[in-house]
Amino acid sequence: MKSWLVGWWLVVSSWSVFGQSLTRAQLTGIWIGVHTELDINTYCPLPTYLDLQPDGTYRLGLVDPTTLPRTATWAVFGDTLRLDTTRFAPGLIRLQMDTLRIGKAFPMLFRRFHDFPVDSAAAHKTLAGFAWQTDSTVVHFHQNGRVCLEHRKTGQRTVHHWRLARLGQSVFILMQGSSHTTDGQYKPLWQVVSAANSAFRATGWNGQRIATETFQRVRALPPGDSCRATGFQTCDNCFVVQTSGFSGASLSKRYAVQKIVNGCYQPVEQAGQTGVIQIRFVINCAGETSLFTLTELDEDYQRCTFDTRITTQLLTICRERLRTVFFKSDDSPADQAITLTVRVKDGRLTDVFL
């Protein structure tokens, strides 16, 4: 995760800024990361804090205490903000009430930190071993460090790992990883405001806005119980399937895919079965495949429907055979989005692209 912090700083340093006049007093203090906005309604949790101190120094670090923060200096000159050696011209820094927004292409949202004294040992004893719910979510905090997030309407569950971290006198709930790995990117941060046996209150991103939510205790979790994900789960909590048709695979992988597809596909000789078929899917860090989408286009690149004997073959090849090309258990596996495109002429494959 140390490399994640470095990467975050490089992204910030590459931006130019547009303008709102801010004062040193307005910006001084600790800011808690909420998320980076990748697209409309697509957010990547931002588990950082930015501590802008009155003496002109600042610290940038993860709320997770296992990573040391970066320390440098900052200053405000008129409409310009300087962080370390990077100067931000007016505009990419926007302050509204207690939220700070930085950036334009992929803006980052921070909230002002208010320190609520909470005893971390008591909070852990209160949360662990119980299921808690809000209006939208049930959270299962298991004693073994696993946490299960269950959507109340759909019943869908994802599995992660949890622990508590302290910043100042406050306690934060850190959730990261998946059912396949304890590492990986974080889920949104929740700062515990108060904790009692029947309910606790925490501030964080609830999927729609920054809010202070009440989590009601609904039941005790049986000893030895461990939550399980429902369906397919990526290992990366900020995994976004690329919309580009180019997967960025190496030449050797493209050759291997072409060899497998051409070798496994059985032609369906039928006039008129001509056009382009594109299949997108995801392979997670455990080698599981899912999230398939199928796009079928005729010779004029208009939407159409091919014979199912063609599309079923191609989907089966992607699901059962291509996994061996992209997934290596001893190769630091990660989630991968794959796009396979084939050109068909009267039911025969003429081109295979990756």
# chains A, B, ... in the order shown; residues from 1 in each chain; ligands from 1
$ select_by_dssp --residues "segment 21-207 of chain A" --states "helix (DSSP H, G or I)" --output "list in words"
Arg24, Ala25, Gln26, Leu27, Ser120, Ala121, Ala122, Ala123, His124, Lys125, Thr126 and Leu127 of chain A
$ write_last_selection --atoms "N, CA and C atoms" --output "compact mmCIF listing (two decimals), in the first residue's frame"
# COMPACT_ATOMS: atom_id res chain seq x y z
N ARG A 24 -5.29 30.86 4.03
CA ARG A 24 -4.55 29.87 4.79
C ARG A 24 -5.40 29.34 5.96
N ALA A 25 -6.12 30.25 6.61
CA ALA A 25 -6.94 29.87 7.76
C ALA A 25 -8.05 28.89 7.35
N GLN A 26 -8.62 29.08 6.16
CA GLN A 26 -9.70 28.20 5.70
C GLN A 26 -9.20 26.77 5.48
N LEU A 27 -7.98 26.63 5.02
CA LEU A 27 -7.46 25.31 4.67
C LEU A 27 -6.75 24.61 5.82
N SER A 120 -10.79 2.77 21.55
CA SER A 120 -10.73 1.78 20.48
C SER A 120 -10.99 0.36 20.98
N ALA A 121 -10.50 0.02 22.18
CA ALA A 121 -10.73 -1.33 22.72
C ALA A 121 -12.21 -1.54 23.00
N ALA A 122 -12.85 -0.55 23.57
CA ALA A 122 -14.28 -0.65 23.86
C ALA A 122 -15.09 -0.72 22.58
N ALA A 123 -14.68 0.07 21.56
CA ALA A 123 -15.39 0.06 20.28
C ALA A 123 -15.29 -1.31 19.61
N HIS A 124 -14.09 -1.90 19.65
CA HIS A 124 -13.90 -3.23 19.05
C HIS A 124 -14.76 -4.26 19.77
N LYS A 125 -14.80 -4.19 21.09
CA LYS A 125 -15.61 -5.13 21.86
C LYS A 125 -17.09 -4.98 21.53
N THR A 126 -17.52 -3.74 21.26
CA THR A 126 -18.92 -3.48 20.93
C THR A 126 -19.28 -4.01 19.56
N LEU A 127 -18.40 -3.78 18.57
CA LEU A 127 -18.73 -4.14 17.18
C LEU A 127 -18.54 -5.62 16.89
$ closest_atom_pairs --of "segment 174-268 of chain A" --to "segment 46-62 of chain A" --cutoff "8 Å" --atoms "only C-alpha atoms" --output "JSON lines"
{"residue": "A:Tyr186", "atom": "CA", "partner": "A:Pro47", "partner_atom": "CA", "distance": 6.8}
{"residue": "A:Pro188", "atom": "CA", "partner": "A:Pro47", "partner_atom": "CA", "distance": 7.1}
{"residue": "A:Leu189", "atom": "CA", "partner": "A:Pro47", "partner_atom": "CA", "distance": 6.3}
$ write_last_selection --atoms "N, CA, C and O atoms" --output "PDB file, in the first residue's frame"
ATOM      1  N   TYR A 186      -9.170  -0.215  -0.262  1.00  0.00           N
ATOM      2  CA  TYR A 186     -10.084  -0.063   0.856  1.00  0.00           C
ATOM      3  C   TYR A 186     -11.510   0.199   0.401  1.00  0.00           C
ATOM      4  O   TYR A 186     -11.769   0.682  -0.706  1.00  0.00           O
ATOM      5  N   PRO A 188     -14.993   2.499   1.657  1.00  0.00           N
ATOM      6  CA  PRO A 188     -15.072   3.837   2.264  1.00  0.00           C
ATOM      7  C   PRO A 188     -14.797   3.812   3.766  1.00  0.00           C
ATOM      8  O   PRO A 188     -15.173   2.874   4.475  1.00  0.00           O
ATOM      9  N   LEU A 189     -14.121   4.858   4.241  1.00  0.00           N
ATOM     10  CA  LEU A 189     -13.806   4.988   5.659  1.00  0.00           C
ATOM     11  C   LEU A 189     -15.046   5.382   6.454  1.00  0.00           C
ATOM     12  O   LEU A 189     -15.857   6.196   5.999  1.00  0.00           O
TER      13      LEU A 189
END
$ residues_around --residues "segment 170-178 of chain A" --least-positions-apart "5" --cutoff "10 Å" --atoms "only C-alpha atoms" --output "PyMOL selection string"
chain A and resi 47+63-64+113-121+123-124+145-148+158-165+183-194+202-204+229+233-237+285
$ select_by_dssp --residues "segment 103-338 of chain A" --states "strand (DSSP E)" --output "ChimeraX atom specification"
/A:108-112,130-133,137-141,146-151,157-167,170-176,190-195,199-205,210-220,275-283,289-297,336-338
$ residues_around --residues "Val344 of chain A" --least-positions-apart "3" --cutoff "7 Å" --atoms "only C-alpha atoms" --output "MDAnalysis selection string"
chainID A and resid 273:276 347:350
$ atom_distance --atom1 "atom CA of Tyr265 of chain A" --atom2 "atom CA of Ile310 of chain A"
8.4 Å
$ atom_distance --atom1 "atom CA of Ala72 of chain A" --atom2 "atom CA of Arg112 of chain A"
19.9 Å
$ residues_around --residues "Phe215 of chain A" --least-positions-apart "4" --cutoff "7 Å" --atoms "only C-alpha atoms" --output "short mmCIF file (atom, residue, chain, number, x, y, z; two decimals) with C-alpha atoms, in the first residue's frame"
data_model
loop_
_atom_site.label_atom_id
_atom_site.label_comp_id
_atom_site.auth_asym_id
_atom_site.auth_seq_id
_atom_site.Cartn_x
_atom_site.Cartn_y
_atom_site.Cartn_z
CA TRP A 132 -25.43 -4.03 12.51
CA GLN A 133 -27.74 -2.36 10.01
CA THR A 134 -28.59 1.00 8.50
CA ALA A 199 -26.30 1.14 18.36
CA PHE A 200 -23.27 3.03 17.15
CA ARG A 201 -23.00 6.15 15.02
#
$ closest_residue --among "A:Ile32, A:Val240, A:Leu81, A:Ile283" --to "Leu167 of chain A" --atoms "only C-alpha atoms"
A:Ile32
$ atom_distance --atom1 "atom CA of Leu109 of chain A" --atom2 "atom CA of His35 of chain A"
5.5 Å
$ closest_residue --among "A:Gly287, A:Gly272, A:Leu340, A:Arg70" --to "Asp307 of chain A" --atoms "only C-alpha atoms"
A:Gly272
